[in-house]
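> Take a look at this one; I'll ask things after.
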Amino acid sequence: KDAAYALKRLFNGLCSGRAAARQGYASALTSFLKISFSNGSFATIQKESQSQSGKEQDQEEKSPLQFLRSQLLKATDANQAESGKFGKRKKGSEERDYCFGRIFGIMSIQRSGILATSVGHDDDAQDVVAGFANDLVDLYRYKKWMREPAAQGIVTLLDSFRRKKDEKKTQALMDHVVKEVVVPKMLLPQDSENSNDNVDKRAALIQSYSPEQLAVAIYIQSSGDSAPFPLDEPILSSDNMPDVAEALCSTSHVVHPRTHLVWEVIWSYLTKPSTDQPRKRILVEKCPLGNQSAGETLTELFQVVILQSLLGEAEKPSKQSTTTHERRALALTLVKILVGGTYTSCITGPSAIDLDNELLEKVVLSPPVVQRLFLDVVCAGVGKAKQGSNQHMLKPLANHVLESMEESNDVEGDDLKRRLSLAKALLMCEPRFDGRTKTKTVSNLLFLDSAEKASSAKEVQTMWVEYVDFLESRILSLPAQSEPENSDEEEQESLVRSRSYEALGYVDLLFNVAKQILRMSSSSDKEADVDAFEEFKANLTQRVLGFLLASAFFDCSAVESKDEASGANKKKKKGKKKVNTNKDAIHPATLAGVRIREVLASCSSSPAVPYPVRLTLSSRYFSLLADCTAMAGPLKDKGADLKDTSKTSKDAKILDILVQQCQGWINIEENGAVCHQTSNGEEQVSSKELVIEFQSLAHQTRKCEDGDEDGDQKAKAKEKCASGAALLASILYLHRLHCGKPENVYDDPDADDDDDNDAEIDELISDLSEVTNSLLEQNESEGNSEDEGNPLLGLAELCITILSSPFGSGTQSRGASSKIVRDAVKYAWIGGLNAAAHHSSMTENSSLLDNDVMNLILSGMGVEGDEEDGEDYEEMEEEQSEDDMQSENDNHDEDDSSEDNEGVFNAAAAEALDAEDEDVDMEDNDKQSIEDDKEKDLELDSNALQSLLLEDSDADLSEDDEGELEHHAGADAALAQLIKLKKDARKAGLQAKERLELTNQLRCVILLETLVVGGPTSSYSKALRSEVILKTLVPLLRARMSLEKSLAAAQDIGKKAAVCVSEKRALLERMTSVLKTKICKMRLNSVQWSETINVAEYASELASKILNEARKTDDSNQSSCCSTALLMTFRSISKPEDRVAAASVYSEAVKEWSTKRTTRLGSSLFEDLVHQAQSLAQATLAAPIALATVDARSPFLKSEAFRLLGGLYGTATKNTYEHVDGIEKLGLDSLLMAAPAVAKGVAKSMETDDMKKTKRIREILKSAEKLVAFATKHSVSDAVFWETIESLPLDAFANETESHGVKNACDKLSVEIKAALETAAAKKQMEIDEPKETVTPKSSAKKKKKKKKGKKK
């Protein structure tokens, strides 16, 4: 009884419209039926239900299935009246609930499994199933919004019987349902009496199908069984695809993430479960009907439905091919499924499609698809505004699809191949895909941003190698593709430019992947895995470098591979030249040349890499080479002569890298490649031989084990010198590589930049060879070593020349080569310093690192040497520059105006256009001049102005004019404009020249910085001399002040008129850093002085010069630098007496600071000395500052003097006089001698009204307190001092002041003075009494001893 009641309630609950009620009742009904049929209790429940009903129609005998169907139809009939209620028609919403209740009821009965199990046991099963199918067809035709649920119910009902297809009765039941119910009532038109004869109308019939009809028809065909018309031929075929396209496109109203039922059926139709992974589905070989393969069907489906209809890529646009946001959203969802995204199907459940990589690249993610779905969507609105409202409404969905491509994190073979195919497909459309979409899709697909996870997997490394193959192939083949036959010249040129631009994107990708892998580190804990990954990085980076080298600088059309060369050599006769006889010496560049030849030979157009691509390849080659050198030698070449061990120094590792590249150049030329360089004469051969000699010398001087600490110092110095020179020569030689010249451009005799650069390189290498041989004393046997001069001076000049040349600054085709050049110069300079430290000419009085070398380095930095006459450096520089400018302007004006009319120049001068008299600041011009300038700026073309001047407007003079020339106002204005143009051009040239000089000077700072950074602890410390280092201080201070003045003037002028501000600021900051943190931090007290130098006099003179520089500036930074330089000078003196003597310049400085009103010296100069050199400050500042407390010209300066005295005396109470010596003892002596004067100053200041202010008296009281503590500590016995201290009016100050702080300080000081006086009096009394107590006992003891001796006698 309860079960019957429950069954009734479950049927009625299917029509409930409450939230999730229908789903709950349907699930409960499924479980109820499954249990009741399995235990055989349903017959009892059926009888109880019939007895409770009381209706005659319910009392008829029915099978259980018929009873269930009748009860379901009764409960879900929206038109019948319930008992006890008014029999009215249901509302629309209620009617919908009843319809869905019937569908849920049928699906519950189907999912319970009672229909499938009743086949063969219940004779009415076939009729019931056919009845349910008929009910679903009626629901399909009832309302449009019921079509998809009803069609899904039919598919699900049929699918439940397909799983038992092996049983004949089940197959017969399916055939009956399909042929008698589904096809005639759903798939055929109802107004046709004999539809099977309408074979000619198949296309029209299919074209009229709705998506739901297509879903049912395709599902029925997926079984492969014979079916009636129109299912006897495949619906999804190439012929029918245009007919079903409109119906499939209409499913775009179904929003993401769900797709219409028809797409789930199509995926089920084209795929089958994988054997190893059931949820993964792969394409079937052939479609169930017909001979067309699944791949061909999918390709046609994508071309017709997605590309042409959804995305509007049809050749002839129509309403059907019009794209909308809804259609793009559907296309994005379909692409997500086909690239491997997980989807849920009512047929197969959670599934993922695994397509062939070729289909992914050429069909699913073809360039039009990627362009329309991702680039056009994600990049929409970029650059217009930063507001989110401007982005495409489908951008979140597109980003979600891109993220779904990256979901799989497996590092297995098949998955990695799929990831590589996805990356290739995206890059085939746009090589800058990640950059344009602002995502990391390609990088994440290739694990380039998750190296810790993938670096140890060999499968990932294989994927990276295949990715590099793809990039190289695209770089070579893309520009070499043939142009369309019917295109004109402009179209062909545009196509070539676009292909070259696209190829440049692949070049950047190749560079970036090599750079990213180069910087990776293995996450494995096993040493073998780490070594294997390091070897892989080395091999891959060498391969990329070889490809860039071969493709950028060589014509590889005649390169022969190793096998080709060996085969050809076998056929050659004896005596003929062989190619590549060394089998182990083949270089990656040669292998790359072979690949380049093969790829370009297969192209239909000219087999050559275009010049724009070669230019970028050249730049990326040097940039990647710079990254390799920055990583300190990760490359290892088994064929290289130089060994690479873990103990190898960084410069040796960098040399190994450059040696490998030079060997690659030699190897690829030996195998038939032709370099694009402009000169191949004897100079190149000579430079090549010198470079090989450098590398051989570096190999000979290198120890068996690099970094041996027990090795000979001189041998190590030679090794560093040879290694640095070889490094510099190698990188200079690599700069002879050229990417050639643009195509279709005739040789210009004036355009000989490459030839000049090659000649300069040859000269530099030759000079470097001479300097290196002299430093290493290789030519000592020739007897000319003494006549060669200072080789270190030659090396410094060579380094400055290189840093100031284009090799040190870099060009467009050289990339980051300037970084390698600067590093090479640095190592060559260090090697030269090491060799100079052990040179045979080194003595106690002379060193190769002398003043000439230092002056040359300073001149390279734009710093003039120290002037002995002490004149104002800045004024001399300004006067000289003004004279030079005036002379240049005079010469320029004389040359240009020798034949000009004087009136014209007067007009030009009146218009303020004269180049010499025009003010730099144009903001002061009046409105009238601005309007005139605007009118004259209308035509500024120099060629037009020249033609206007040459126009002979006065040639056609009539006889009546009597030969008089008329004044040509237009020519005057044009001449004035021409003068202005030339002046502006000359001004721009001077500015560019100044900018270039500043950048060159900034690069030359590295020489001085490298020299001083090691200091006394460096390996070349023997070559250092204190006077040479100190000689740089004054010139650097002057140059720094000049830059500061220039920057200040530029700031006053304004941004428009300022020139080279950033370069000047960078040079100023770098110069300040070298001065304060490098030079002034050196410990020169351990650096040797030349014996001919009087240290005290030299230091005193230098300190005076530095102090003069401090007098010239008000800038705090310059004053700080001067103070630091002074301290550096004093610390270089080892003897305390000489140090104090040299620091005596502070006495005059203190006097000037305290008394001279126009002085620029500040108290910070003395404060730095107090804080950083306390003992020296005590010895030199105590007396002059004590006088300043009385003689200072203002109360503020007196207060500052007391503050400084407080610092001097406050630090002198730690040690007693007996426990100090040297400079500390001299400092205490100076403080003791100055104590009475300080006390006198305190007393006098307390009597002055200006010093009685609270802010002044505090400093006085603090210094007096420290003075008393010092006097007590060191037992000052001067009576005048104590009388002065005792007479201080502290009590009167305490009573008069309103400040509690001052009052407390006075009371505290008064107590301390009293205690100090008592202590001094006690000590004085002890000194008076001590001789009586100590002398008398000694004399009495002696007398007693004499008496005892007399008694013994």
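Chains: A, B, ... in order of the structure tokens. Residues: from 1 per chain. Ligands: from 1, in order shown.
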I'd like the neighbourhood of stretch 1113-1115 of chain A as a ChimeraX atom specification, where a residue qualifies if any of its atoms comes within 8 Å (using only C-alpha atoms), though same-chain residues fewer than 6 positions away should be ignored.
/A:1041,1160-1161
> How about saving the chosen residues, all heavy atoms kept, as a JSON list (two decimals), in the first residue's frame?

[["chain", "number", "residue", "atom", "x", "y", "z"],
["A", 1041, "MET", "N", 82.64, 68.72, -11.17],
["A", 1041, "MET", "CA", 82.05, 70.04, -10.96],
["A", 1041, "MET", "C", 81.59, 70.64, -12.30],
["A", 1041, "MET", "O", 80.56, 71.30, -12.38],
["A", 1041, "MET", "CB", 83.05, 70.97, -10.28],
["A", 1041, "MET", "CG", 82.48, 72.33, -9.92],
["A", 1041, "MET", "SD", 83.59, 73.31, -8.91],
["A", 1041, "MET", "CE", 84.94, 73.55, -10.07],
["A", 1160, "ARG", "N", 83.00, 79.54, 0.49],
["A", 1160, "ARG", "CA", 82.03, 78.49, 0.17],
["A", 1160, "ARG", "C", 82.26, 77.23, 0.98],
["A", 1160, "ARG", "O", 81.58, 76.22, 0.77],
["A", 1160, "ARG", "CB", 82.09, 78.16, -1.32],
["A", 1160, "ARG", "CG", 81.66, 79.31, -2.21],
["A", 1160, "ARG", "CD", 81.72, 78.90, -3.67],
["A", 1160, "ARG", "NE", 81.28, 79.98, -4.54],
["A", 1160, "ARG", "CZ", 81.23, 79.91, -5.87],
["A", 1160, "ARG", "NH1", 81.63, 78.80, -6.48],
["A", 1160, "ARG", "NH2", 80.83, 80.93, -6.58],
["A", 1161, "LEU", "N", 83.22, 77.28, 1.86],
["A", 1161, "LEU", "CA", 83.50, 76.13, 2.71],
["A", 1161, "LEU", "C", 82.39, 75.99, 3.74],
["A", 1161, "LEU", "O", 81.88, 76.98, 4.26],
["A", 1161, "LEU", "CB", 84.86, 76.28, 3.40],
["A", 1161, "LEU", "CG", 86.09, 76.34, 2.49],
["A", 1161, "LEU", "CD1", 87.34, 76.56, 3.31],
["A", 1161, "LEU", "CD2", 86.20, 75.06, 1.67]]
> Which residues are near stretch 1079-1090 of chain A? Cut-off 6 Å, only C-alpha atoms, ignore same chain within fewer than 5 positions. Put them as a PDB file with N, CA, C and O atoms, in the first residue's frame.

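Final output, selection04.pdb:
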ATOM      1  N   ASN A 845     111.576  52.708  -8.317  1.00  0.00           N
ATOM      2  CA  ASN A 845     111.288  54.092  -8.688  1.00  0.00           C
ATOM      3  C   ASN A 845     110.417  54.216  -9.927  1.00  0.00           C
ATOM      4  O   ASN A 845     109.924  55.312 -10.220  1.00  0.00           O
ATOM      5  N   VAL A1012      91.370  50.339 -10.097  1.00  0.00           N
ATOM      6  CA  VAL A1012      91.363  50.643  -8.667  1.00  0.00           C
ATOM      7  C   VAL A1012      90.485  49.700  -7.858  1.00  0.00           C
ATOM      8  O   VAL A1012      90.535  49.745  -6.625  1.00  0.00           O
ATOM      9  N   GLY A1015      92.807  47.174  -5.937  1.00  0.00           N
ATOM     10  CA  GLY A1015      93.638  47.871  -4.964  1.00  0.00           C
ATOM     11  C   GLY A1015      94.852  47.061  -4.546  1.00  0.00           C
ATOM     12  O   GLY A1015      95.412  46.275  -5.320  1.00  0.00           O
ATOM     13  N   ARG A1025     101.219  52.630  -7.806  1.00  0.00           N
ATOM     14  CA  ARG A1025     101.982  53.626  -7.064  1.00  0.00           C
ATOM     15  C   ARG A1025     100.978  54.616  -6.468  1.00  0.00           C
ATOM     16  O   ARG A1025     100.040  55.056  -7.144  1.00  0.00           O
ATOM     17  N   SER A1026     101.227  54.982  -5.226  1.00  0.00           N
ATOM     18  CA  SER A1026     100.273  55.838  -4.518  1.00  0.00           C
ATOM     19  C   SER A1026     100.120  57.187  -5.199  1.00  0.00           C
ATOM     20  O   SER A1026      99.012  57.721  -5.322  1.00  0.00           O
ATOM     21  N   MET A1128      91.178  60.497   1.826  1.00  0.00           N
ATOM     22  CA  MET A1128      91.962  59.521   1.072  1.00  0.00           C
ATOM     23  C   MET A1128      93.429  59.940   1.015  1.00  0.00           C
ATOM     24  O   MET A1128      94.344  59.117   1.170  1.00  0.00           O
ATOM     25  N   SER A1132      96.756  57.868   2.909  1.00  0.00           N
ATOM     26  CA  SER A1132      97.851  57.289   2.125  1.00  0.00           C
ATOM     27  C   SER A1132      99.207  57.503   2.767  1.00  0.00           C
ATOM     28  O   SER A1132     100.190  56.901   2.338  1.00  0.00           O
ATOM     29  N   ILE A1133      99.275  58.335   3.790  1.00  0.00           N
ATOM     30  CA  ILE A1133     100.542  58.620   4.484  1.00  0.00           C
ATOM     31  C   ILE A1133     100.656  57.677   5.670  1.00  0.00           C
ATOM     32  O   ILE A1133      99.725  57.586   6.491  1.00  0.00           O
ATOM     33  N   SER A1134     101.756  56.996   5.766  1.00  0.00           N
ATOM     34  CA  SER A1134     101.932  56.014   6.842  1.00  0.00           C
ATOM     35  C   SER A1134     102.453  56.649   8.124  1.00  0.00           C
ATOM     36  O   SER A1134     102.064  56.238   9.224  1.00  0.00           O
TER      37      SER A1134
END
> Work out how far apart atom CA of A:Leu115 and atom CA of A:Ala130 are and give it in Å to one decimal.
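Value for the atom CA of A:Leu115-atom CA of A:Ala130 distance: 11.1 Å.
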> Just the residues within 12 Å of A:Ser841, please, counting only C-alpha atoms, with nothing from its chain fewer than 6 positions along; format it as a list of chain:residue names.
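Selected residues are A:Ser774, A:Leu775, A:Leu776, A:Glu777, A:Glu780, A:Ser785, A:Glu786, A:Gly789, A:Asn790, A:Pro791, A:Leu792, A:Ala835, A:Ser847, A:Leu848, A:Leu849, A:Ala1023.
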> Mind writing the picked residues with N, CA, C and O atoms as a tab-separated table (two decimals), in the first residue's frame?

chain	number	residue	atom	x	y	z
A	774	SER	N	105.10	42.86	-26.40
A	774	SER	CA	105.97	43.69	-25.57
A	774	SER	C	105.71	43.46	-24.09
A	774	SER	O	106.63	43.41	-23.28
A	775	LEU	N	104.45	43.32	-23.71
A	775	LEU	CA	104.13	43.06	-22.30
A	775	LEU	C	104.64	41.70	-21.85
A	775	LEU	O	105.14	41.54	-20.73
A	776	LEU	N	104.51	40.71	-22.74
A	776	LEU	CA	104.98	39.37	-22.41
A	776	LEU	C	106.46	39.19	-22.70
A	776	LEU	O	107.00	38.10	-22.48
A	777	GLU	N	107.07	40.28	-23.26
A	777	GLU	CA	108.52	40.27	-23.57
A	777	GLU	C	108.85	39.12	-24.51
A	777	GLU	O	109.83	38.42	-24.34
A	780	GLU	N	111.99	40.07	-26.79
A	780	GLU	CA	113.15	40.54	-26.06
A	780	GLU	C	114.45	40.14	-26.74
A	780	GLU	O	115.46	40.84	-26.69
A	785	SER	N	113.37	45.88	-27.20
A	785	SER	CA	112.37	46.07	-26.15
A	785	SER	C	112.50	47.41	-25.48
A	785	SER	O	111.53	47.98	-25.03
A	786	GLU	N	113.72	47.97	-25.42
A	786	GLU	CA	113.89	49.25	-24.75
A	786	GLU	C	113.41	50.41	-25.59
A	786	GLU	O	113.07	51.46	-25.06
A	789	GLY	N	109.10	51.82	-25.88
A	789	GLY	CA	108.36	52.68	-24.98
A	789	GLY	C	107.56	51.87	-23.98
A	789	GLY	O	107.84	50.69	-23.71
A	790	ASN	N	106.57	52.50	-23.41
A	790	ASN	CA	105.75	51.88	-22.39
A	790	ASN	C	104.65	51.05	-23.05
A	790	ASN	O	103.72	51.61	-23.65
A	791	PRO	N	104.70	49.71	-22.97
A	791	PRO	CA	103.66	48.91	-23.62
A	791	PRO	C	102.30	49.06	-22.96
A	791	PRO	O	101.27	48.93	-23.62
A	792	LEU	N	102.29	49.33	-21.65
A	792	LEU	CA	101.00	49.52	-20.98
A	792	LEU	C	100.30	50.78	-21.47
A	792	LEU	O	99.07	50.82	-21.55
A	835	ALA	N	100.60	41.63	-16.36
A	835	ALA	CA	101.90	41.51	-17.03
A	835	ALA	C	102.81	42.67	-16.67
A	835	ALA	O	104.03	42.50	-16.50
A	847	SER	N	107.44	52.35	-12.72
A	847	SER	CA	106.44	51.33	-13.00
A	847	SER	C	105.81	51.65	-14.35
A	847	SER	O	105.75	52.81	-14.77
A	848	LEU	N	105.36	50.60	-15.04
A	848	LEU	CA	104.69	50.83	-16.31
A	848	LEU	C	103.39	51.61	-16.12
A	848	LEU	O	102.95	52.33	-17.01
A	849	LEU	N	102.78	51.48	-14.96
A	849	LEU	CA	101.59	52.24	-14.66
A	849	LEU	C	102.00	53.59	-14.08
A	849	LEU	O	101.98	53.81	-12.87
A	1023	ALA	N	102.34	46.89	-9.48
A	1023	ALA	CA	102.44	47.95	-10.48
A	1023	ALA	C	101.82	49.26	-10.00
A	1023	ALA	O	102.00	50.30	-10.64
> Run DSSP on the backbone and grab whatever in stretch 188-254 of chain A lands in helix (DSSP H, G or I); send it over as JSON, numbers by chain.
{"A": [195, 196, 197, 199, 200, 201, 202, 203, 204, 205, 206, 207, 211, 212, 213, 214, 215, 216, 217, 218, 219, 220, 221, 222, 241, 242, 243, 244, 245, 246, 247, 248, 249, 250, 251, 252, 253]}
